[in-house]
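Visitor: Just one file: upload.cif, with mmCIF, C-alpha atoms.
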```cif
data_protein
#
loop_
_atom_site.group_PDB
_atom_site.id
_atom_site.type_symbol
_atom_site.label_atom_id
_atom_site.label_comp_id
_atom_site.auth_asym_id
_atom_site.auth_seq_id
_atom_site.Cartn_x
_atom_site.Cartn_y
_atom_site.Cartn_z
ATOM 1 C CA MET A 1 2.357 19.874 39.887
ATOM 2 C CA SER A 2 1.527 19.265 36.303
ATOM 3 C CA ILE A 3 2.396 16.783 33.646
ATOM 4 C CA ASN A 4 5.159 17.355 31.152
ATOM 5 C CA LEU A 5 3.391 17.701 27.813
ATOM 6 C CA ALA A 6 6.713 17.444 26.006
ATOM 7 C CA LEU A 7 6.575 13.699 26.599
ATOM 8 C CA ILE A 8 3.830 13.099 24.023
ATOM 9 C CA GLY A 9 5.233 10.556 21.599
ATOM 10 C CA LYS A 10 7.832 9.142 23.997
ATOM 11 C CA VAL A 11 8.442 5.448 23.327
ATOM 12 C CA TYR A 12 9.681 3.171 26.104
ATOM 13 C CA PRO A 13 12.067 0.243 25.518
ATOM 14 C CA ILE A 14 10.479 -3.126 24.728
ATOM 15 C CA THR A 15 9.750 -5.164 27.863
ATOM 16 C CA SER A 16 11.294 -8.539 28.573
ATOM 17 C CA PRO A 17 8.985 -11.330 27.389
ATOM 18 C CA TYR A 18 6.043 -12.543 29.472
ATOM 19 C CA GLU A 19 5.447 -16.246 28.873
ATOM 20 C CA VAL A 20 1.767 -17.196 28.901
ATOM 21 C CA GLY A 21 1.152 -20.289 31.016
ATOM 22 C CA ARG A 22 -1.820 -22.611 30.834
ATOM 23 C CA GLU A 23 -2.503 -22.428 34.581
ATOM 24 C CA LYS A 24 -2.223 -18.627 34.511
ATOM 25 C CA ILE A 25 -4.959 -18.452 31.885
ATOM 26 C CA ARG A 26 -7.137 -20.765 34.006
ATOM 27 C CA GLU A 27 -6.409 -18.733 37.154
ATOM 28 C CA PHE A 28 -7.205 -15.425 35.437
ATOM 29 C CA ALA A 29 -10.386 -16.754 33.811
ATOM 30 C CA THR A 30 -11.527 -18.139 37.174
ATOM 31 C CA ALA A 31 -10.794 -14.811 38.870
ATOM 32 C CA ILE A 32 -13.070 -12.990 36.401
ATOM 33 C CA GLY A 33 -15.747 -15.655 36.882
ATOM 34 C CA ASP A 34 -15.407 -16.877 33.301
ATOM 35 C CA PHE A 35 -15.739 -20.617 32.806
ATOM 36 C CA ASN A 36 -15.882 -20.626 29.018
ATOM 37 C CA PRO A 37 -14.346 -24.000 28.051
ATOM 38 C CA ALA A 38 -11.927 -22.365 25.589
ATOM 39 C CA PHE A 39 -10.150 -20.797 28.597
ATOM 40 C CA HIS A 40 -10.024 -23.990 30.692
ATOM 41 C CA ASP A 41 -10.247 -27.156 28.594
ATOM 42 C CA VAL A 42 -7.523 -27.791 26.006
ATOM 43 C CA ALA A 43 -9.715 -30.151 23.988
ATOM 44 C CA ALA A 44 -12.461 -27.510 23.800
ATOM 45 C CA ALA A 45 -9.973 -24.873 22.608
ATOM 46 C CA GLN A 46 -8.632 -27.319 20.023
ATOM 47 C CA ALA A 47 -12.157 -28.024 18.796
ATOM 48 C CA LEU A 48 -12.306 -24.302 17.929
ATOM 49 C CA GLY A 49 -9.083 -24.616 15.948
ATOM 50 C CA TYR A 50 -6.539 -23.408 18.526
ATOM 51 C CA ARG A 51 -3.480 -25.473 19.445
ATOM 52 C CA ASP A 52 -3.978 -24.811 23.191
ATOM 53 C CA LEU A 53 -6.033 -22.716 25.628
ATOM 54 C CA ILE A 54 -6.724 -19.165 24.552
ATOM 55 C CA ALA A 55 -6.943 -16.282 27.019
ATOM 56 C CA PRO A 56 -10.019 -14.135 27.759
ATOM 57 C CA PRO A 57 -9.855 -10.791 25.907
ATOM 58 C CA THR A 58 -8.903 -8.715 28.953
ATOM 59 C CA PHE A 59 -5.996 -11.043 29.861
ATOM 60 C CA ALA A 60 -3.895 -8.674 27.748
ATOM 61 C CA ILE A 61 -3.961 -6.204 30.648
ATOM 62 C CA LEU A 62 -1.521 -8.471 32.521
ATOM 63 C CA VAL A 63 1.258 -7.460 30.190
ATOM 64 C CA THR A 64 0.087 -4.009 29.156
ATOM 65 C CA PHE A 65 -0.606 -2.764 32.700
ATOM 66 C CA ARG A 66 2.963 -3.448 33.738
ATOM 67 C CA ALA A 67 4.296 -1.761 30.623
ATOM 68 C CA ALA A 68 2.035 1.271 31.030
ATOM 69 C CA SER A 69 3.097 1.558 34.686
ATOM 70 C CA ILE A 70 6.670 2.143 33.514
ATOM 71 C CA ALA A 71 5.418 5.204 31.675
ATOM 72 C CA MET A 72 3.190 6.322 34.568
ATOM 73 C CA PHE A 73 6.131 6.111 36.994
ATOM 74 C CA ASP A 74 8.477 7.960 34.623
ATOM 75 C CA PRO A 75 9.785 10.779 36.840
ATOM 76 C CA GLU A 76 9.966 13.048 33.784
ATOM 77 C CA LEU A 77 6.194 12.683 33.350
ATOM 78 C CA GLY A 78 5.295 14.103 36.781
ATOM 79 C CA VAL A 79 2.128 12.134 37.495
ATOM 80 C CA ASP A 80 0.954 11.806 41.109
ATOM 81 C CA TYR A 81 0.496 8.043 41.072
ATOM 82 C CA SER A 82 -1.308 8.019 44.430
ATOM 83 C CA ARG A 83 -4.321 9.714 42.847
ATOM 84 C CA VAL A 84 -4.734 7.820 39.598
ATOM 85 C CA VAL A 85 -7.832 6.058 38.365
ATOM 86 C CA HIS A 86 -8.414 4.099 35.187
ATOM 87 C CA GLY A 87 -10.439 6.242 32.799
ATOM 88 C CA GLU A 88 -10.674 4.230 29.633
ATOM 89 C CA GLN A 89 -9.417 0.970 28.156
ATOM 90 C CA ARG A 90 -9.530 -0.345 24.624
ATOM 91 C CA PHE A 91 -7.987 -3.357 22.935
ATOM 92 C CA THR A 92 -7.721 -4.419 19.318
ATOM 93 C CA TYR A 93 -6.776 -8.030 18.667
ATOM 94 C CA ALA A 94 -5.010 -9.548 15.660
ATOM 95 C CA ARG A 95 -5.605 -12.921 17.301
ATOM 96 C CA PRO A 96 -6.298 -14.226 20.819
ATOM 97 C CA ILE A 97 -3.411 -14.684 23.243
ATOM 98 C CA ILE A 98 -2.608 -18.397 23.513
ATOM 99 C CA VAL A 99 -0.615 -20.639 25.874
ATOM 100 C CA GLY A 100 3.093 -20.466 25.086
ATOM 101 C CA ASP A 101 3.053 -16.931 23.724
ATOM 102 C CA ARG A 102 6.132 -14.945 24.732
ATOM 103 C CA LEU A 103 4.773 -11.425 24.772
ATOM 104 C CA ALA A 104 6.828 -8.249 24.784
ATOM 105 C CA VAL A 105 5.364 -4.767 24.924
ATOM 106 C CA VAL A 106 6.318 -1.426 23.444
ATOM 107 C CA THR A 107 4.588 1.457 25.214
ATOM 108 C CA THR A 108 4.167 4.904 23.708
ATOM 109 C CA ILE A 109 2.735 7.994 25.379
ATOM 110 C CA GLU A 110 0.122 8.762 22.781
ATOM 111 C CA ASN A 111 -1.467 11.807 24.379
ATOM 112 C CA LEU A 112 -1.306 14.000 27.473
ATOM 113 C CA ARG A 113 -3.824 16.603 28.435
ATOM 114 C CA VAL A 114 -5.199 18.479 31.392
ATOM 115 C CA ALA A 115 -8.981 18.550 31.785
ATOM 116 C CA ALA A 116 -10.907 20.032 34.728
ATOM 117 C CA GLY A 117 -7.752 20.035 36.833
ATOM 118 C CA ASN A 118 -7.037 16.362 36.167
ATOM 119 C CA ASP A 119 -4.053 14.998 34.263
ATOM 120 C CA MET A 120 -5.055 12.540 31.539
ATOM 121 C CA VAL A 121 -2.428 10.172 30.156
ATOM 122 C CA THR A 122 -3.151 8.044 27.084
ATOM 123 C CA THR A 123 -0.727 5.196 26.511
ATOM 124 C CA ARG A 124 -0.624 2.822 23.575
ATOM 125 C CA ALA A 125 0.864 -0.583 24.313
ATOM 126 C CA GLU A 126 1.690 -2.824 21.376
ATOM 127 C CA VAL A 127 2.026 -6.467 22.345
ATOM 128 C CA PHE A 128 4.284 -8.569 20.135
ATOM 129 C CA ALA A 129 4.851 -12.313 20.009
ATOM 130 C CA HIS A 130 8.480 -13.529 19.971
ATOM 131 C CA ASP A 131 8.512 -13.676 16.166
ATOM 132 C CA GLY A 132 7.545 -10.003 15.987
ATOM 133 C CA GLU A 133 3.881 -10.629 15.172
ATOM 134 C CA LEU A 134 1.600 -7.913 16.596
ATOM 135 C CA VAL A 135 -0.988 -9.714 18.753
ATOM 136 C CA VAL A 136 -2.822 -6.990 20.666
ATOM 137 C CA THR A 137 -2.783 -3.212 20.849
ATOM 138 C CA ALA A 138 -4.058 -1.652 24.071
ATOM 139 C CA TRP A 139 -4.958 1.986 24.666
ATOM 140 C CA SER A 140 -5.314 3.097 28.281
ATOM 141 C CA VAL A 141 -6.414 6.443 29.596
ATOM 142 C CA THR A 142 -5.246 7.037 33.142
ATOM 143 C CA VAL A 143 -6.556 10.006 35.075
ATOM 144 C CA ALA A 144 -4.584 11.570 37.903
ATOM 145 C CA ARG A 145 -7.144 13.501 39.898
ATOM 146 C CA GLY A 146 -5.965 16.973 40.752
ATOM 147 C CA PRO A 147 -6.039 17.965 44.458
ATOM 148 C CA ALA A 148 -8.870 20.428 43.763
ATOM 149 C CA GLY A 149 -10.658 18.121 41.378
ATOM 150 C CA GLU A 150 -13.205 16.747 43.821
ATOM 151 C CA GLN A 151 -15.753 14.673 41.985
ATOM 152 C CA SER A 152 -18.728 12.502 42.658
ATOM 153 C CA MET B 1 -27.042 -20.750 25.268
ATOM 154 C CA THR B 2 -27.767 -21.407 21.606
ATOM 155 C CA ALA B 3 -25.303 -23.781 20.028
ATOM 156 C CA SER B 4 -24.259 -21.603 17.123
ATOM 157 C CA ILE B 5 -24.892 -17.944 16.431
ATOM 158 C CA THR B 6 -24.059 -17.122 12.839
ATOM 159 C CA TRP B 7 -23.594 -13.767 11.164
ATOM 160 C CA ALA B 8 -26.612 -14.497 8.965
ATOM 161 C CA ASP B 9 -28.843 -15.006 12.049
ATOM 162 C CA VAL B 10 -28.019 -11.632 13.538
ATOM 163 C CA GLU B 11 -29.565 -8.254 12.784
ATOM 164 C CA VAL B 12 -29.017 -4.774 14.134
ATOM 165 C CA GLY B 13 -31.091 -4.782 17.301
ATOM 166 C CA THR B 14 -30.545 -8.464 18.093
ATOM 167 C CA VAL B 15 -30.460 -8.688 21.881
ATOM 168 C CA LEU B 16 -27.868 -10.908 23.570
ATOM 169 C CA PRO B 17 -28.793 -13.094 26.562
ATOM 170 C CA GLU B 18 -28.343 -10.896 29.617
ATOM 171 C CA LEU B 19 -25.973 -11.568 32.421
ATOM 172 C CA THR B 20 -25.933 -10.871 36.166
ATOM 173 C CA VAL B 21 -22.585 -10.794 37.928
ATOM 174 C CA GLN B 22 -21.992 -10.598 41.681
ATOM 175 C CA LEU B 23 -18.734 -8.974 42.755
ATOM 176 C CA ARG B 24 -17.874 -9.566 46.391
ATOM 177 C CA ARG B 25 -14.818 -8.488 48.353
ATOM 178 C CA VAL B 26 -13.292 -11.936 47.898
ATOM 179 C CA ASP B 27 -13.674 -11.600 44.124
ATOM 180 C CA LEU B 28 -11.669 -8.380 44.222
ATOM 181 C CA VAL B 29 -8.936 -10.096 46.225
ATOM 182 C CA LYS B 30 -8.856 -12.965 43.720
ATOM 183 C CA TYR B 31 -8.688 -10.531 40.825
ATOM 184 C CA ALA B 32 -5.893 -8.575 42.503
ATOM 185 C CA GLY B 33 -3.884 -11.759 42.829
ATOM 186 C CA ALA B 34 -4.577 -13.026 39.330
ATOM 187 C CA SER B 35 -3.965 -9.680 37.621
ATOM 188 C CA GLY B 36 -1.171 -8.265 39.757
ATOM 189 C CA ASP B 37 -3.130 -5.050 40.373
ATOM 190 C CA PHE B 38 -2.693 -4.516 44.111
ATOM 191 C CA ASN B 39 -3.902 -0.920 44.276
ATOM 192 C CA PRO B 40 -5.213 -0.665 47.882
ATOM 193 C CA ILE B 41 -8.439 1.084 46.786
ATOM 194 C CA HIS B 42 -9.584 -2.433 45.850
ATOM 195 C CA TRP B 43 -8.966 -4.106 49.209
ATOM 196 C CA ASN B 44 -8.174 -1.554 51.915
ATOM 197 C CA GLU B 45 -11.247 0.327 53.120
ATOM 198 C CA SER B 46 -9.474 3.009 55.130
ATOM 199 C CA PHE B 47 -7.155 3.728 52.209
ATOM 200 C CA ALA B 48 -10.107 3.983 49.820
ATOM 201 C CA VAL B 49 -11.899 6.417 52.120
ATOM 202 C CA ALA B 50 -8.719 8.447 52.668
ATOM 203 C CA VAL B 51 -8.423 9.078 48.911
ATOM 204 C CA GLY B 52 -12.030 10.240 48.731
ATOM 205 C CA LEU B 53 -13.904 7.110 47.677
ATOM 206 C CA PRO B 54 -17.110 6.060 49.469
ATOM 207 C CA ASP B 55 -15.762 2.549 50.101
ATOM 208 C CA ILE B 56 -13.739 -0.149 48.364
ATOM 209 C CA ILE B 57 -14.351 -0.166 44.619
ATOM 210 C CA ALA B 58 -13.975 -2.954 42.067
ATOM 211 C CA HIS B 59 -11.056 -2.943 39.640
ATOM 212 C CA GLY B 60 -12.276 -1.283 36.457
ATOM 213 C CA MET B 61 -10.702 -4.153 34.570
ATOM 214 C CA LEU B 62 -12.754 -6.670 36.563
ATOM 215 C CA THR B 63 -15.937 -4.826 35.594
ATOM 216 C CA MET B 64 -14.717 -4.717 31.991
ATOM 217 C CA ALA B 65 -13.924 -8.442 32.045
ATOM 218 C CA SER B 66 -17.320 -9.265 33.581
ATOM 219 C CA ALA B 67 -19.178 -7.187 31.004
ATOM 220 C CA GLY B 68 -17.205 -8.668 28.124
ATOM 221 C CA ARG B 69 -18.407 -12.110 29.061
ATOM 222 C CA ILE B 70 -21.808 -11.291 27.575
ATOM 223 C CA VAL B 71 -20.093 -11.288 24.164
ATOM 224 C CA THR B 72 -17.727 -14.245 24.596
ATOM 225 C CA ASP B 73 -20.549 -16.384 26.061
ATOM 226 C CA TRP B 74 -22.665 -15.587 23.014
ATOM 227 C CA ALA B 75 -20.106 -15.900 20.227
ATOM 228 C CA VAL B 76 -19.261 -19.488 19.340
ATOM 229 C CA ASP B 77 -15.553 -18.693 19.393
ATOM 230 C CA PRO B 78 -14.516 -16.438 22.303
ATOM 231 C CA GLY B 79 -11.246 -15.848 20.428
ATOM 232 C CA ALA B 80 -13.127 -14.067 17.646
ATOM 233 C CA VAL B 81 -13.294 -10.755 19.538
ATOM 234 C CA LEU B 82 -11.437 -8.210 17.392
ATOM 235 C CA GLU B 83 -11.963 -5.093 19.495
ATOM 236 C CA TYR B 84 -13.193 -4.334 22.976
ATOM 237 C CA GLY B 85 -13.234 -0.963 24.664
ATOM 238 C CA VAL B 86 -14.911 0.801 27.591
ATOM 239 C CA ARG B 87 -14.895 4.034 29.546
ATOM 240 C CA PHE B 88 -15.004 3.735 33.312
ATOM 241 C CA THR B 89 -17.673 6.291 34.078
ATOM 242 C CA ARG B 90 -18.682 5.424 37.633
ATOM 243 C CA PRO B 91 -16.947 3.362 40.317
ATOM 244 C CA VAL B 92 -18.517 0.037 41.356
ATOM 245 C CA VAL B 93 -18.686 0.234 45.137
ATOM 246 C CA VAL B 94 -18.395 -3.189 46.785
ATOM 247 C CA PRO B 95 -19.846 -3.302 50.315
ATOM 248 C CA ASN B 96 -18.461 -5.727 52.872
ATOM 249 C CA ASP B 97 -21.412 -8.125 52.940
ATOM 250 C CA ASP B 98 -22.518 -11.425 51.417
ATOM 251 C CA ASP B 99 -23.918 -9.901 48.229
ATOM 252 C CA GLY B 100 -21.268 -7.336 47.349
ATOM 253 C CA ALA B 101 -22.121 -5.422 44.174
ATOM 254 C CA THR B 102 -24.479 -6.699 41.493
ATOM 255 C CA LEU B 103 -23.760 -5.915 37.857
ATOM 256 C CA GLN B 104 -26.588 -6.160 35.343
ATOM 257 C CA ILE B 105 -25.100 -6.648 31.891
ATOM 258 C CA THR B 106 -27.173 -6.242 28.735
ATOM 259 C CA ALA B 107 -26.083 -5.973 25.115
ATOM 260 C CA VAL B 108 -27.478 -5.426 21.653
ATOM 261 C CA VAL B 109 -26.047 -5.679 18.147
ATOM 262 C CA GLY B 110 -25.414 -2.085 17.114
ATOM 263 C CA GLU B 111 -23.934 -2.630 13.673
ATOM 264 C CA LYS B 112 -23.630 -5.494 11.200
ATOM 265 C CA ARG B 113 -20.690 -5.226 8.829
ATOM 266 C CA ASP B 114 -20.188 -6.861 5.445
ATOM 267 C CA ASP B 115 -16.888 -8.416 6.559
ATOM 268 C CA GLY B 116 -18.636 -10.964 8.784
ATOM 269 C CA THR B 117 -18.273 -8.971 11.992
ATOM 270 C CA VAL B 118 -20.764 -7.247 14.234
ATOM 271 C CA ARG B 119 -20.422 -4.441 16.760
ATOM 272 C CA VAL B 120 -22.064 -5.226 20.074
ATOM 273 C CA ASP B 121 -23.058 -2.342 22.355
ATOM 274 C CA ILE B 122 -22.897 -3.300 26.014
ATOM 275 C CA THR B 123 -24.596 -1.709 29.011
ATOM 276 C CA ALA B 124 -23.370 -2.437 32.534
ATOM 277 C CA LYS B 125 -25.396 -1.200 35.493
ATOM 278 C CA CYS B 126 -24.893 -1.311 39.221
ATOM 279 C CA LEU B 127 -27.749 -0.088 41.446
ATOM 280 C CA ASP B 128 -29.540 1.087 38.267
ATOM 281 C CA ALA B 129 -26.701 3.416 37.294
ATOM 282 C CA THR B 130 -24.493 2.757 34.284
ATOM 283 C CA VAL B 131 -20.887 2.126 35.255
ATOM 284 C CA LEU B 132 -19.331 1.808 31.788
ATOM 285 C CA GLY B 133 -19.557 4.236 28.910
ATOM 286 C CA LYS B 134 -19.182 3.507 25.207
ATOM 287 C CA ALA B 135 -18.688 -0.193 25.967
ATOM 288 C CA GLN B 136 -18.387 -1.821 22.562
ATOM 289 C CA ALA B 137 -16.975 -5.042 21.202
ATOM 290 C CA VAL B 138 -16.431 -6.107 17.617
ATOM 291 C CA VAL B 139 -16.669 -9.840 17.094
ATOM 292 C CA ARG B 140 -16.375 -12.060 14.042
ATOM 293 C CA LEU B 141 -19.229 -14.539 13.672
ATOM 294 C CA ALA B 142 -19.147 -17.740 11.650
#
```
Taking this structure as input, can you express it in the form of structure tokens?

Guide:
Amino acid sequence: MSINLALIGKVYPITSPYEVGREKIREFATAIGDFNPAFHDVAAAQALGYRDLIAPPTFAILVTFRAASIAMFDPELGVDYSRVVHGEQRFTYARPIIVGDRLAVVTTIENLRVAAGNDMVTTRAEVFAHDGELVVTAWSVTVARGPAGEQS
Amino acid sequence: MTASITWADVEVGTVLPELTVQLRRVDLVKYAGASGDFNPIHWNESFAVAVGLPDIIAHGMLTMASAGRIVTDWAVDPGAVLEYGVRFTRPVVVPNDDDGATLQITAVVGEKRDDGTVRVDITAKCLDATVLGKAQAVVRLA
């Protein structure tokens, strides 16, 4: 099986909004062992100039992972999802995610290639607030290991 | 932690306070729940072995989040991170014991830009082997 290179540039429909909750930010920050007050204490976040808690930088994966999965599961793409690993992740931020954000994601297949028997899928996920403001852009490289591609 | 790092204080080569992070099996379960990433390679040993891994491995995103903390702990405003990216070069194997995996996180200022930002180059090691490649964050300092 191999990936369908014709899908480079395919754009998926915008996702329904994900509403960022205060307790979800606290839960996520706790799960990554991060007790920075800006992620837990509203007064501390406000002292930095934010109206409410902000989210740790990698919180964005909550919304972009789901959106990128839609692309990865696209039957036209032909990826063996049982053999995928995360190869690379990059975010650029226009501002931090904050409590109350309603975030919707547009995912684009930015690149597809085959290297050493593995399928490499690069997705770009643009995360928009409800007013259309771009908040975060996330690039993910997912690697589907080929059956022969044994590696250390 | 110093109270306020400013752009003026920092030079290329400035070393950030280092960080040690323990990742145990329970931390992976917590991260799975909080993130919604329930891939069994992060909690089911027989599944992990069946797909060719030595044992359960940490979520790459949990390693990325742990390593990024060296920057957000250091910057006065953790919301001032403008970019953060990593390559997942080696899996972090998490044994089923009290210690789990230990990540040693170090970082150094790699570039100082005229716009008030700096690029921080991060190194994350587990058992003396680097687990992230090209781990870099750009952060705005006061």

Visitor: Please tabulate, as a tab-separated table, the residues of chain A that come within 8 Å of chain B, each with its closest pair of atoms and the distance in Å to one decimal, counting all atoms listed in the file and ordering rows by chain, then residue number upward.

Guide:
```
residue	atom	partner	partner_atom	distance
A:Lys24	CA	B:Ala34	CA	7.8
A:Glu27	CA	B:Ala34	CA	6.4
A:Phe28	CA	B:Ala34	CA	5.3
A:Ala31	CA	B:Tyr31	CA	5.2
A:Ile32	CA	B:Ser66	CA	6.3
A:Gly33	CA	B:Ser66	CA	7.4
A:Asp34	CA	B:Arg69	CA	7.0
A:Asn36	CA	B:Asp73	CA	7.0
A:Ala38	CA	B:Pro78	CA	7.3
A:Leu48	CA	B:Asp77	CA	6.6
A:Ile54	CA	B:Gly79	CA	7.0
A:Ala55	CA	B:Gly79	CA	7.9
A:Pro56	CA	B:Pro78	CA	7.4
A:Pro57	CA	B:Val81	CA	7.2
A:Thr58	CA	B:Ala65	CA	5.9
A:Ile61	CA	B:Ser35	CA	7.8
A:Leu62	CA	B:Ser35	CA	5.8
A:Arg83	CA	B:Val51	CA	7.3
A:His86	CA	B:Gly60	CA	6.7
A:Gly87	CA	B:Phe88	CA	5.2
A:Glu88	CA	B:Arg87	CA	4.2
A:Gln89	CA	B:Gly85	CA	5.5
A:Arg90	CA	B:Gly85	CA	3.8
A:Phe91	CA	B:Tyr84	CA	5.3
A:Thr92	CA	B:Glu83	CA	4.3
A:Tyr93	CA	B:Leu82	CA	4.8
A:Ala94	CA	B:Leu82	CA	6.8
A:Arg95	CA	B:Gly79	CA	7.1
A:Pro96	CA	B:Gly79	CA	5.2
```

Visitor: Quick one: distance from CA of Arg140 in chain B to CA of Glu110 in chain A in Å, one decimal?

Guide: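 Atom-to-atom, CA of Arg140 in chain B and CA of Glu110 in chain A are spaced 28.0 Å apart.
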
Visitor: Taking every listed atom of range 117-120 of chain B and adding 8 Å to each side, what centre and edge lengths in Å (one decimal) does the axis-aligned box have, as lines of an AutoDock Vina configuration file?

Guide:
```
center_x = -20.2
center_y = -6.7
center_z = 16.0
size_x = 19.8
size_y = 20.5
size_z = 24.1
```

Visitor: Extract, using only C-alpha atoms, all DNA, RNA and protein residues at most 8 Å from Thr122 in chain A, discarding same-chain residues fewer than 6 positions from it, and format them as an NGL selection string.

Guide: :A and (109-112 or 139-142)

Visitor: Around the point (0.6, -17.5, 18.9) in the file's coordinates, collect all residues with an atom within 9 Å, using only C-alpha atoms, and return them as a tab-separated table (two decimals) with C-alpha atoms, in the frame of the given file.

Guide:
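Okay, selection.tsv is ready:
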```tsv
chain	number	residue	atom	x	y	z
A	51	ARG	CA	-3.48	-25.47	19.44
A	95	ARG	CA	-5.60	-12.92	17.30
A	96	PRO	CA	-6.30	-14.23	20.82
A	97	ILE	CA	-3.41	-14.68	23.24
A	98	ILE	CA	-2.61	-18.40	23.51
A	99	VAL	CA	-0.62	-20.64	25.87
A	100	GLY	CA	3.09	-20.47	25.09
A	101	ASP	CA	3.05	-16.93	23.72
A	102	ARG	CA	6.13	-14.94	24.73
A	129	ALA	CA	4.85	-12.31	20.01
A	130	HIS	CA	8.48	-13.53	19.97
A	133	GLU	CA	3.88	-10.63	15.17
A	135	VAL	CA	-0.99	-9.71	18.75
```

Visitor: Mind pulling up the distance from CA of Ala29 in chain A to CA of Val85 in chain A?

Guide: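 Between CA of Val85 in chain A and CA of Ala29 in chain A the gap is 23.4 Å.
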
Visitor: Have a look at CA of Met72 in chain A and CA of Asn118 in chain A and let me know their distance in Å, one decimal.

Guide: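 Between CA of Met72 in chain A and CA of Asn118 in chain A the gap is 14.4 Å.
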
Visitor: Can you pull out every residue within 8 Å of Thr107 in chain A, counting all atoms listed in the file, but drop anything in the same chain fewer than 2 positions away, and send it as a PyMOL selection string?

Guide: chain A and resi 11-14+67-68+71+105+109+123-126

Visitor: Skipping near chain neighbours, those fewer than 4 positions away, what residues fall within 10 Å of Ser69 in chain A using only C-alpha atoms, listed as a ChimeraX atom specification?

Guide: /A:64-65,73-74,81,107,123

Visitor: Of the candidates B:Ala101, B:Val10, B:Leu19, B:Val94, which one gets nearest to Asp55 in chain B if we count all atoms listed in the file?

Guide: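 Smallest distance to Asp55 in chain B is found for B:Val94.
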
Visitor: Would you list the contacts of Gly146 in chain A as a CSV table (one decimal) with C-alpha atoms, keeping the file's coordinate frame, taking every protein, DNA or RNA residue within 10 Å and counting all atoms listed in the file, but skipping same-chain residues closer than 3 positions in sequence?

Guide:
```csv
chain,number,residue,atom,x,y,z
A,1,MET,CA,2.4,19.9,39.9
A,2,SER,CA,1.5,19.3,36.3
A,79,VAL,CA,2.1,12.1,37.5
A,80,ASP,CA,1.0,11.8,41.1
A,83,ARG,CA,-4.3,9.7,42.8
A,84,VAL,CA,-4.7,7.8,39.6
A,114,VAL,CA,-5.2,18.5,31.4
A,115,ALA,CA,-9.0,18.6,31.8
A,116,ALA,CA,-10.9,20.0,34.7
A,117,GLY,CA,-7.8,20.0,36.8
A,118,ASN,CA,-7.0,16.4,36.2
A,119,ASP,CA,-4.1,15.0,34.3
A,143,VAL,CA,-6.6,10.0,35.1
A,149,GLY,CA,-10.7,18.1,41.4
A,150,GLU,CA,-13.2,16.7,43.8
```

Visitor: Rank B:Thr106, B:His42, B:Val92, B:Glu18 by their smallest atom-to-atom distance to Leu127 in chain B, using only C-alpha atoms, and report the top residue only.

Guide: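 Looking only at the distances to Leu127 in chain B, the closest residue turns out to be B:Val92.
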